[in-house]
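Student: Okay, so here is protein_27.pdb, and as you'll see once you scroll down, it has PDB, C-alpha atoms and all ligand atoms.
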MODEL        1
ATOM      1  CA  MET A   1      31.005 -29.517  29.834
ATOM      2  CA  VAL A   2      33.025 -26.289  30.105
ATOM      3  CA  ALA A   3      36.171 -27.940  28.733
ATOM      4  CA  GLU A   4      34.206 -29.467  25.860
ATOM      5  CA  LYS A   5      32.681 -26.096  24.989
ATOM      6  CA  LEU A   6      36.073 -24.393  25.271
ATOM      7  CA  ARG A   7      37.676 -26.909  22.911
ATOM      8  CA  GLY A   8      35.211 -25.933  20.190
ATOM      9  CA  ALA A   9      35.155 -22.206  21.015
ATOM     10  CA  ARG A  10      36.354 -19.482  18.684
ATOM     11  CA  ARG A  11      35.995 -16.643  21.189
ATOM     12  CA  VAL A  12      36.144 -16.791  24.982
ATOM     13  CA  VAL A  13      35.659 -13.893  27.395
ATOM     14  CA  ALA A  14      36.298 -13.779  31.143
ATOM     15  CA  LEU A  15      34.957 -11.101  33.466
ATOM     16  CA  THR A  16      36.724 -11.016  36.824
ATOM     17  CA  GLY A  17      36.107  -9.239  40.112
ATOM     18  CA  ALA A  18      37.687  -8.873  43.514
ATOM     19  CA  GLY A  19      37.166 -12.583  44.331
ATOM     20  CA  VAL A  20      39.855 -13.685  41.866
ATOM     21  CA  SER A  21      42.430 -11.763  43.931
ATOM     22  CA  ALA A  22      41.058 -12.779  47.346
ATOM     23  CA  GLU A  23      43.336 -15.832  47.494
ATOM     24  CA  SER A  24      46.316 -13.567  46.767
ATOM     25  CA  GLY A  25      45.475 -11.700  49.977
ATOM     26  CA  VAL A  26      43.820  -8.622  48.407
ATOM     27  CA  PRO A  27      40.755  -7.782  50.512
ATOM     28  CA  THR A  28      37.378  -7.633  48.758
ATOM     29  CA  PHE A  29      35.211  -4.611  49.595
ATOM     30  CA  ARG A  30      32.514  -6.749  51.117
ATOM     31  CA  GLY A  31      34.659  -8.661  53.597
ATOM     32  CA  ALA A  32      35.500  -7.241  57.043
ATOM     33  CA  GLU A  33      38.988  -6.391  55.772
ATOM     34  CA  GLY A  34      37.413  -4.106  53.199
ATOM     35  CA  LEU A  35      36.983  -1.584  55.973
ATOM     36  CA  TRP A  36      39.849   0.844  56.510
ATOM     37  CA  ARG A  37      39.887   2.765  59.778
ATOM     38  CA  LYS A  38      36.163   3.364  60.263
ATOM     39  CA  PHE A  39      35.350   4.131  56.618
ATOM     40  CA  ARG A  40      33.460   2.096  54.068
ATOM     41  CA  PRO A  41      34.769   2.157  50.455
ATOM     42  CA  GLU A  42      31.570   3.972  49.375
ATOM     43  CA  GLU A  43      32.599   6.888  51.606
ATOM     44  CA  LEU A  44      36.103   7.189  50.145
ATOM     45  CA  ALA A  45      35.895   6.149  46.500
ATOM     46  CA  THR A  46      33.905   9.160  45.329
ATOM     47  CA  PRO A  47      34.729  12.495  43.663
ATOM     48  CA  GLN A  48      32.997  14.235  46.588
ATOM     49  CA  ALA A  49      35.257  12.565  49.170
ATOM     50  CA  PHE A  50      38.319  13.557  47.144
ATOM     51  CA  ALA A  51      37.156  17.165  46.826
ATOM     52  CA  ARG A  52      36.511  17.280  50.581
ATOM     53  CA  ASP A  53      39.700  15.613  51.787
ATOM     54  CA  PRO A  54      42.252  14.522  49.163
ATOM     55  CA  VAL A  55      44.803  13.586  51.825
ATOM     56  CA  LEU A  56      42.413  11.150  53.518
ATOM     57  CA  VAL A  57      41.482   9.552  50.178
ATOM     58  CA  TRP A  58      45.134   9.285  49.169
ATOM     59  CA  GLU A  59      46.045   7.717  52.535
ATOM     60  CA  TRP A  60      43.476   4.995  51.811
ATOM     61  CA  TYR A  61      44.779   4.441  48.278
ATOM     62  CA  ASP A  62      48.380   4.417  49.522
ATOM     63  CA  TRP A  63      47.389   1.743  52.069
ATOM     64  CA  ARG A  64      45.702  -0.296  49.331
ATOM     65  CA  ARG A  65      48.712   0.091  47.006
ATOM     66  CA  GLN A  66      50.994  -1.174  49.767
ATOM     67  CA  LYS A  67      48.725  -4.158  50.466
ATOM     68  CA  VAL A  68      48.557  -5.085  46.791
ATOM     69  CA  ALA A  69      52.304  -4.575  46.261
ATOM     70  CA  ALA A  70      52.871  -7.380  48.778
ATOM     71  CA  CYS A  71      50.568  -9.777  46.864
ATOM     72  CA  SER A  72      51.400 -12.182  44.053
ATOM     73  CA  PRO A  73      49.268 -13.788  41.359
ATOM     74  CA  ASN A  74      47.516 -17.004  42.373
ATOM     75  CA  ASP A  75      46.672 -20.090  40.312
ATOM     76  CA  GLY A  76      43.414 -18.476  39.194
ATOM     77  CA  HIS A  77      45.234 -15.487  37.648
ATOM     78  CA  ARG A  78      47.745 -17.878  36.081
ATOM     79  CA  ALA A  79      45.034 -20.091  34.586
ATOM     80  CA  LEU A  80      43.400 -17.030  32.993
ATOM     81  CA  ALA A  81      46.763 -15.965  31.550
ATOM     82  CA  GLU A  82      47.144 -19.483  30.118
ATOM     83  CA  LEU A  83      43.685 -19.296  28.522
ATOM     84  CA  GLY A  84      45.008 -16.231  26.671
ATOM     85  CA  ARG A  85      47.648 -18.436  25.038
ATOM     86  CA  ARG A  86      45.195 -21.052  23.712
ATOM     87  CA  SER A  87      43.939 -21.295  20.153
ATOM     88  CA  PHE A  88      40.709 -19.312  20.644
ATOM     89  CA  ALA A  89      40.494 -15.512  20.792
ATOM     90  CA  PHE A  90      40.458 -14.581  24.467
ATOM     91  CA  ASP A  91      39.503 -11.309  26.152
ATOM     92  CA  LEU A  92      40.066 -10.683  29.832
ATOM     93  CA  VAL A  93      37.818  -7.959  31.224
ATOM     94  CA  THR A  94      38.318  -7.053  34.867
ATOM     95  CA  GLN A  95      36.710  -4.859  37.469
ATOM     96  CA  ASN A  96      39.863  -5.184  39.543
ATOM     97  CA  VAL A  97      42.196  -2.265  39.973
ATOM     98  CA  ASP A  98      45.079  -4.255  41.467
ATOM     99  CA  GLY A  99      47.027  -4.959  38.255
ATOM    100  CA  ILE A 100      47.641  -8.594  39.263
ATOM    101  CA  HIS A 101      46.342 -10.095  36.001
ATOM    102  CA  ARG A 102      49.174  -8.328  34.185
ATOM    103  CA  LEU A 103      51.716  -9.665  36.680
ATOM    104  CA  ALA A 104      50.393 -13.156  35.924
ATOM    105  CA  GLY A 105      51.109 -12.589  32.216
ATOM    106  CA  SER A 106      47.688 -11.627  30.824
ATOM    107  CA  ASN A 107      48.013  -9.109  28.023
ATOM    108  CA  PRO A 108      45.983  -7.144  27.153
ATOM    109  CA  VAL A 109      43.797  -6.699  30.216
ATOM    110  CA  TRP A 110      40.652  -4.632  29.725
ATOM    111  CA  GLU A 111      40.436  -2.699  32.998
ATOM    112  CA  LEU A 112      36.900  -1.391  33.413
ATOM    113  CA  HIS A 113      37.648   0.441  36.662
ATOM    114  CA  GLY A 114      41.178   1.678  35.940
ATOM    115  CA  SER A 115      44.243   0.814  37.973
ATOM    116  CA  LEU A 116      45.633   1.603  41.418
ATOM    117  CA  TRP A 117      48.994   2.140  39.711
ATOM    118  CA  ASN A 118      47.780   4.971  37.457
ATOM    119  CA  LEU A 119      47.685   8.596  38.551
ATOM    120  CA  ARG A 120      45.830  11.337  36.704
ATOM    121  CA  CYS A 121      46.347  15.087  37.064
ATOM    122  CA  THR A 122      43.155  16.945  37.982
ATOM    123  CA  ALA A 123      44.539  20.105  36.290
ATOM    124  CA  CYS A 124      46.096  18.962  32.976
ATOM    125  CA  SER A 125      44.677  15.363  32.792
ATOM    126  CA  ARG A 126      48.149  13.850  32.260
ATOM    127  CA  ASN A 127      48.199  10.113  33.057
ATOM    128  CA  ARG A 128      51.224   8.353  34.454
ATOM    129  CA  GLU A 129      52.062   5.025  36.013
ATOM    130  CA  ASP A 130      53.744   5.036  39.424
ATOM    131  CA  ARG A 131      54.325   1.733  41.202
ATOM    132  CA  ARG A 132      55.973   3.160  44.311
ATOM    133  CA  ALA A 133      54.251   2.033  47.505
ATOM    134  CA  PRO A 134      54.205   3.977  49.733
ATOM    135  CA  LEU A 135      54.233   7.099  47.606
ATOM    136  CA  PRO A 136      56.977   9.555  48.592
ATOM    137  CA  SER A 137      54.467  12.336  49.313
ATOM    138  CA  ILE A 138      50.725  12.614  49.728
ATOM    139  CA  PRO A 139      48.841  14.014  47.925
ATOM    140  CA  PRO A 140      51.013  13.478  44.826
ATOM    141  CA  ARG A 141      51.505  16.388  42.430
ATOM    142  CA  CYS A 142      51.901  16.494  38.655
ATOM    143  CA  GLU A 143      54.842  18.185  36.876
ATOM    144  CA  CYS A 144      52.426  21.067  36.172
ATOM    145  CA  GLY A 145      51.823  21.505  39.913
ATOM    146  CA  GLY A 146      48.257  20.136  39.745
ATOM    147  CA  LEU A 147      46.848  17.701  42.270
ATOM    148  CA  GLU A 148      46.893  14.104  41.059
ATOM    149  CA  ARG A 149      44.071  11.649  41.720
ATOM    150  CA  PRO A 150      44.001   7.860  41.595
ATOM    151  CA  GLY A 151      43.432   6.632  38.019
ATOM    152  CA  VAL A 152      40.417   4.577  39.007
ATOM    153  CA  VAL A 153      36.699   4.895  38.373
ATOM    154  CA  TRP A 154      34.875   6.120  41.459
ATOM    155  CA  PHE A 155      31.249   5.573  42.459
ATOM    156  CA  GLY A 156      29.104   7.826  40.305
ATOM    157  CA  GLU A 157      31.702   8.156  37.505
ATOM    158  CA  SER A 158      31.499   6.743  33.981
ATOM    159  CA  LEU A 159      33.562   3.797  32.886
ATOM    160  CA  PRO A 160      36.172   4.372  30.157
ATOM    161  CA  SER A 161      34.077   4.280  26.985
ATOM    162  CA  ASN A 162      36.660   2.470  24.827
ATOM    163  CA  VAL A 163      37.053  -0.362  27.353
ATOM    164  CA  LEU A 164      33.317  -0.641  27.865
ATOM    165  CA  ALA A 165      32.594  -0.682  24.122
ATOM    166  CA  HIS A 166      35.196  -3.411  23.590
ATOM    167  CA  ALA A 167      33.813  -5.462  26.483
ATOM    168  CA  PHE A 168      30.249  -5.360  25.127
ATOM    169  CA  GLU A 169      31.436  -6.075  21.609
ATOM    170  CA  VAL A 170      33.346  -9.229  22.588
ATOM    171  CA  ALA A 171      30.631 -10.332  25.033
ATOM    172  CA  GLY A 172      28.157 -10.296  22.151
ATOM    173  CA  ARG A 173      30.399 -12.593  20.086
ATOM    174  CA  ALA A 174      31.587 -14.997  22.818
ATOM    175  CA  ASP A 175      31.058 -18.747  22.634
ATOM    176  CA  VAL A 176      31.977 -19.128  26.307
ATOM    177  CA  PHE A 177      31.717 -16.370  28.934
ATOM    178  CA  LEU A 178      33.307 -16.940  32.355
ATOM    179  CA  VAL A 179      32.209 -14.772  35.293
ATOM    180  CA  VAL A 180      34.765 -15.165  38.049
ATOM    181  CA  GLY A 181      34.778 -13.759  41.593
ATOM    182  CA  THR A 182      32.369 -10.899  41.150
ATOM    183  CA  SER A 183      29.258 -10.210  43.166
ATOM    184  CA  ALA A 184      27.708  -8.973  39.899
ATOM    185  CA  LEU A 185      26.070  -6.021  41.615
ATOM    186  CA  VAL A 186      27.829  -3.202  39.812
ATOM    187  CA  HIS A 187      26.402  -2.245  36.420
ATOM    188  CA  PRO A 188      27.177  -1.934  33.556
ATOM    189  CA  ALA A 189      29.795  -4.673  34.083
ATOM    190  CA  ALA A 190      27.155  -6.984  35.517
ATOM    191  CA  SER A 191      25.203  -6.739  32.230
ATOM    192  CA  LEU A 192      28.031  -8.290  30.202
ATOM    193  CA  PRO A 193      27.185 -11.918  31.069
ATOM    194  CA  GLU A 194      23.537 -11.271  30.260
ATOM    195  CA  VAL A 195      24.441  -9.870  26.845
ATOM    196  CA  ALA A 196      26.715 -12.857  26.188
ATOM    197  CA  GLY A 197      23.979 -15.279  27.222
ATOM    198  CA  GLU A 198      21.369 -13.592  25.024
ATOM    199  CA  GLN A 199      23.719 -13.941  22.052
ATOM    200  CA  GLY A 200      24.155 -17.662  22.656
ATOM    201  CA  ALA A 201      27.307 -17.971  24.790
ATOM    202  CA  LEU A 202      27.612 -20.631  27.456
ATOM    203  CA  VAL A 203      27.789 -18.498  30.608
ATOM    204  CA  VAL A 204      29.686 -20.050  33.513
ATOM    205  CA  GLU A 205      29.941 -18.558  36.997
ATOM    206  CA  VAL A 206      32.859 -19.368  39.303
ATOM    207  CA  ASN A 207      32.085 -18.176  42.822
ATOM    208  CA  PRO A 208      31.760 -19.855  46.228
ATOM    209  CA  GLU A 209      28.653 -17.755  46.967
ATOM    210  CA  LEU A 210      25.373 -17.183  45.165
ATOM    211  CA  THR A 211      25.069 -13.859  43.319
ATOM    212  CA  PRO A 212      22.218 -12.105  41.500
ATOM    213  CA  LEU A 213      23.545 -13.755  38.314
ATOM    214  CA  SER A 214      23.521 -17.290  39.673
ATOM    215  CA  GLY A 215      19.974 -17.995  38.544
ATOM    216  CA  LEU A 216      20.661 -16.736  35.026
ATOM    217  CA  VAL A 217      23.900 -18.537  34.167
ATOM    218  CA  ASP A 218      24.077 -21.857  32.296
ATOM    219  CA  LEU A 219      26.472 -23.383  34.789
ATOM    220  CA  ARG A 220      27.561 -22.523  38.316
ATOM    221  CA  LEU A 221      30.889 -23.817  39.583
ATOM    222  CA  ALA A 222      30.723 -23.207  43.332
ATOM    223  CA  GLY A 223      34.221 -22.839  44.687
ATOM    224  CA  LEU A 224      37.391 -20.780  44.772
ATOM    225  CA  SER A 225      38.786 -19.520  41.490
ATOM    226  CA  ALA A 226      42.365 -20.600  42.283
ATOM    227  CA  ALA A 227      41.119 -24.193  42.520
ATOM    228  CA  ILE A 228      38.461 -24.270  39.812
ATOM    229  CA  LEU A 229      40.151 -22.407  36.940
ATOM    230  CA  PRO A 230      43.247 -24.670  36.857
ATOM    231  CA  ARG A 231      40.903 -27.683  36.829
ATOM    232  CA  ILE A 232      39.128 -26.306  33.755
ATOM    233  CA  LEU A 233      42.526 -25.875  32.066
ATOM    234  CA  ASP A 234      43.602 -29.411  32.987
ATOM    235  CA  ALA A 235      40.449 -30.784  31.386
ATOM    236  CA  LEU A 236      41.095 -28.904  28.123
TER     237      LEU A 236
HETATM  238  P1  LIG B 301      32.869  -7.846  45.501
HETATM  239  O1  LIG B 301      33.765  -7.620  46.682
HETATM  240  O2  LIG B 301      31.573  -7.149  45.456
HETATM  241  O3  LIG B 301      32.555  -9.411  45.360
HETATM  242  C1  LIG B 301      33.559 -10.383  45.390
HETATM  243  C2  LIG B 301      32.936 -11.694  44.948
HETATM  244  O4  LIG B 301      33.965 -12.662  44.883
HETATM  245  C3  LIG B 301      31.867 -12.239  45.898
HETATM  246  O5  LIG B 301      30.742 -12.648  45.154
HETATM  247  C4  LIG B 301      32.552 -13.441  46.562
HETATM  248  O6  LIG B 301      31.644 -14.481  46.855
HETATM  249  C5  LIG B 301      33.510 -13.857  45.484
HETATM  250  N1  LIG B 301      34.717 -14.543  45.960
HETATM  251  C6  LIG B 301      35.383 -14.371  47.124
HETATM  252  N2  LIG B 301      36.471 -15.151  47.150
HETATM  253  C7  LIG B 301      36.486 -15.834  45.969
HETATM  254  C8  LIG B 301      37.359 -16.776  45.388
HETATM  255  N3  LIG B 301      38.474 -17.181  46.035
HETATM  256  N4  LIG B 301      37.087 -17.266  44.154
HETATM  257  C9  LIG B 301      35.981 -16.845  43.468
HETATM  258  N5  LIG B 301      35.118 -15.946  43.973
HETATM  259  C10 LIG B 301      35.367 -15.446  45.203
HETATM  260  O7  LIG B 301      33.764  -7.550  44.224
HETATM  261  P2  LIG B 301      33.389  -7.025  42.782
HETATM  262  O8  LIG B 301      32.200  -7.740  42.267
HETATM  263  O9  LIG B 301      34.665  -7.082  42.025
HETATM  264  O10 LIG B 301      32.944  -5.492  42.972
HETATM  265  C11 LIG B 301      33.581  -4.628  43.855
HETATM  266  C12 LIG B 301      34.261  -3.413  43.225
HETATM  267  O11 LIG B 301      35.336  -3.084  44.074
HETATM  268  C13 LIG B 301      34.891  -3.660  41.885
HETATM  269  O12 LIG B 301      34.328  -2.786  41.022
HETATM  270  C14 LIG B 301      36.388  -3.364  42.026
HETATM  271  O13 LIG B 301      36.794  -2.281  41.213
HETATM  272  C15 LIG B 301      36.587  -2.942  43.442
HETATM  273  N6  LIG B 301      37.586  -3.760  44.167
HETATM  274  C16 LIG B 301      38.701  -4.216  43.530
HETATM  275  C17 LIG B 301      39.611  -4.984  44.213
HETATM  276  C18 LIG B 301      40.830  -5.474  43.485
HETATM  277  O14 LIG B 301      41.277  -4.837  42.535
HETATM  278  N7  LIG B 301      41.376  -6.633  43.857
HETATM  279  C19 LIG B 301      39.413  -5.304  45.556
HETATM  280  C20 LIG B 301      38.269  -4.816  46.192
HETATM  281  C21 LIG B 301      37.352  -4.048  45.471
ENDMDL
END
Please render this file's structure as structure tokens.
Tutor:
Amino acid sequence: MVAEKLRGARRVVALTGAGVSAESGVPTFRGAEGLWRKFRPEELATPQAFARDPVLVWEWYDWRRQKVAACSPNDGHRALAELGRRSFAFDLVTQNVDGIHRLAGSNPVWELHGSLWNLRCTACSRNREDRRAPLPSIPPRCECGGLERPGVVWFGESLPSNVLAHAFEVAGRADVFLVVGTSALVHPAASLPEVAGEQGALVVEVNPELTPLSGLVDLRLAGLSAAILPRILDAL
């Protein structure tokens, strides 16, 4: 059914979350490995935590950067990159900050929550990419001397408006909308499949577990993304 719909589709959108990278060895926040020392992500990924203790927050990000640097794309990332080379228009929207979709060859990638590899100066707002893991010094400093912060969206912060606007625009025009490896708890990203569905897209969820979206989607494919996404491609 998905393959048949994809064959006739003009526009396809995929929304991915931490689950798509789980089989690459990147911990999700909800699994036991999501805990670092005794902290929960909600205690570290906030502007307040950074203001209180930038070194602690940077130590966590440096640990995450090192973990991700050791990970490679899996067959799920590769299948999504391949979908981007098919005849329909394809938009990949991700909540992931690990940058692995790009490594798999997806381009562009609409990163709703920023990237672990971007640093932003809290004084002059300069953005730069730095893929060194570990970083040579913590906390990192900008050329202007200002303290740099991770270029990610923290709890309580707004999503980048250009990325969000694009995501809603393409969701509203999609013929097929794939929701892959996200617990669909974090809004506004979790609203994208609903918007797509309201506008007539076939909404397909790929996830081994039930989520708040499961009852609303047209089709649930219960399983791991690295197994299911290549099967969809094979059937195309
Ligand atoms: P989440 O941790 O809340 O949920 C992960 C979902 O993936 C779960 O529903 C789980 O059942 C599913 N899942 C696990 N393994 C899977 C697999 N192999 N195939 C398909 N699905 C699988 O993640 P979320 O919904 O992305 O939200 C958490 C937030 O944390 C995001 O906003 C993201 O920015 C951040 N985060 C990112 C990363 C990353 O970049 N890789 C990792 C952890 C957290």
Student: Select the residues contacting ligand LIG 301 (chain B) at a distance of at most 7 Å, based on all atoms listed in the file, then format the selection as a ChimeraX atom specification.
Tutor: /A:16-23,26-30,95-98,113,180-186,206-209,211,223-226
Student: Suppose you want the space between CA of Leu35 (chain A) and CA of Arg65 (chain A); what is it in Å?
Tutor: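 Pair CA of Leu35 (chain A) / CA of Arg65 (chain A) returns 14.9 Å.
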Student: Residue by residue, what does the PyMOL selection byres (((chain A and resi 45-49) around 10) and not hetatm) grab here? Present the result as number ranges by chain.
Tutor: A: 40-44, 50-57, 60-61, 149-150, 152-157
Student: Taking all atoms of region 113-123 of chain A that the file lists and extending 6 Å past them on each side, where is the centre of the axis-aligned box and how long are its edges? Answer in Å to one decimal, as JSON.
Tutor:
{"center_x": 43.3, "center_y": 10.3, "center_z": 38.7, "size_x": 23.3, "size_y": 31.7, "size_z": 17.5}
Student: Between A:Lys38, A:Arg141, A:Arg85, A:Arg173, single out the one closest to Thr122 (chain A), counting all atoms listed in the file.
Tutor: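 Nearest to Thr122 (chain A): A:Arg141.
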Student: Extract, using only C-alpha atoms, all DNA, RNA and protein residues at most 9 Å from Phe90 (chain A), discarding same-chain residues fewer than 2 positions from it, and format them as a list of chain:residue names.
Tutor: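 Selected residues are A:Arg10, A:Arg11, A:Val12, A:Val13, A:Ala14, A:Leu83, A:Gly84, A:Arg85, A:Arg86, A:Ser87, A:Phe88, A:Leu92.
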Student: Would you save the residues from that selection as an mmCIF file, keeping the file's coordinate frame, using C-alpha atoms?
Tutor:
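Saved to selection-v6.cif:
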data_model
loop_
_atom_site.group_PDB
_atom_site.id
_atom_site.type_symbol
_atom_site.label_atom_id
_atom_site.label_comp_id
_atom_site.auth_asym_id
_atom_site.auth_seq_id
_atom_site.Cartn_x
_atom_site.Cartn_y
_atom_site.Cartn_z
ATOM 1 C CA ARG A 10 36.354 -19.482 18.684
ATOM 2 C CA ARG A 11 35.995 -16.643 21.189
ATOM 3 C CA VAL A 12 36.144 -16.791 24.982
ATOM 4 C CA VAL A 13 35.659 -13.893 27.395
ATOM 5 C CA ALA A 14 36.298 -13.779 31.143
ATOM 6 C CA LEU A 83 43.685 -19.296 28.522
ATOM 7 C CA GLY A 84 45.008 -16.231 26.671
ATOM 8 C CA ARG A 85 47.648 -18.436 25.038
ATOM 9 C CA ARG A 86 45.195 -21.052 23.712
ATOM 10 C CA SER A 87 43.939 -21.295 20.153
ATOM 11 C CA PHE A 88 40.709 -19.312 20.644
ATOM 12 C CA LEU A 92 40.066 -10.683 29.832
#
Student: Would you compute the distance between CA of Asn162 (chain A) and CA of Trp58 (chain A)? Give it in Å to one decimal.
Tutor: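 Interatomic distance here is 26.7 Å.
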Student: Show which residues sit within 9 Å of Lys5 (chain A), as number ranges by chain. Count all atoms listed in the file, and ignore same-chain residues fewer than 6 positions away.
Tutor: A: 175-176, 202
Student: Those residues with C-alpha atoms, as a compact mmCIF listing (two decimals), in the coordinates of the input please?
Tutor:
# COMPACT_ATOMS: atom_id res chain seq x y z
CA ASP A 175 31.06 -18.75 22.63
CA VAL A 176 31.98 -19.13 26.31
CA LEU A 202 27.61 -20.63 27.46
Student: Hey, can you check how far CA of Asp62 (chain A) sits from CA of Val93 (chain A)?
Tutor: 24.5 Å
Student: Can you work out which one of A:Asp234, A:Glu4, A:Glu169, A:Glu59 has the shortest atom-to-atom distance to Pro140 (chain A), counting all atoms listed in the file?
Tutor: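 Looking at the shortest contact to Pro140 (chain A), the residue is A:Glu59.
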Student: Using the chain letters and residue numbers of this document, give as number ranges by chain the residues selected by the PyMOL selection byres (((chain A and resi 232) around 10) and not hetatm).
Tutor: A: 1-4, 6, 79, 83, 227-231, 233-236
Student: Looking at A:His101, A:Pro139, A:Trp110, A:Ala190, which one is nearest to Val170 (chain A), with distances taken over only C-alpha atoms?
Tutor: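 Looking only at the distances to Val170 (chain A), the closest residue turns out to be A:Trp110.
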Student: Under the rule that all atoms listed in the file are counted, which of A:Cys142, A:Val203, A:Val163, A:Val68 is the nearest residue to Pro188 (chain A)?
Tutor: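 The answer is A:Val163, which sits nearest to Pro188 (chain A).
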Student: Decode the PyMOL selection byres (((chain A and resi 146) around 8) and not hetatm) for the given file into explicit residues and return them as a PyMOL selection string.
Tutor: chain A and resi 121-124+141-145+147-148
Student: Calculated over only C-alpha atoms, which of the candidates A:Val217, A:Leu164, A:Leu210, A:Ala89 has the smallest distance to Ala189 (chain A)?
Tutor: A:Leu164
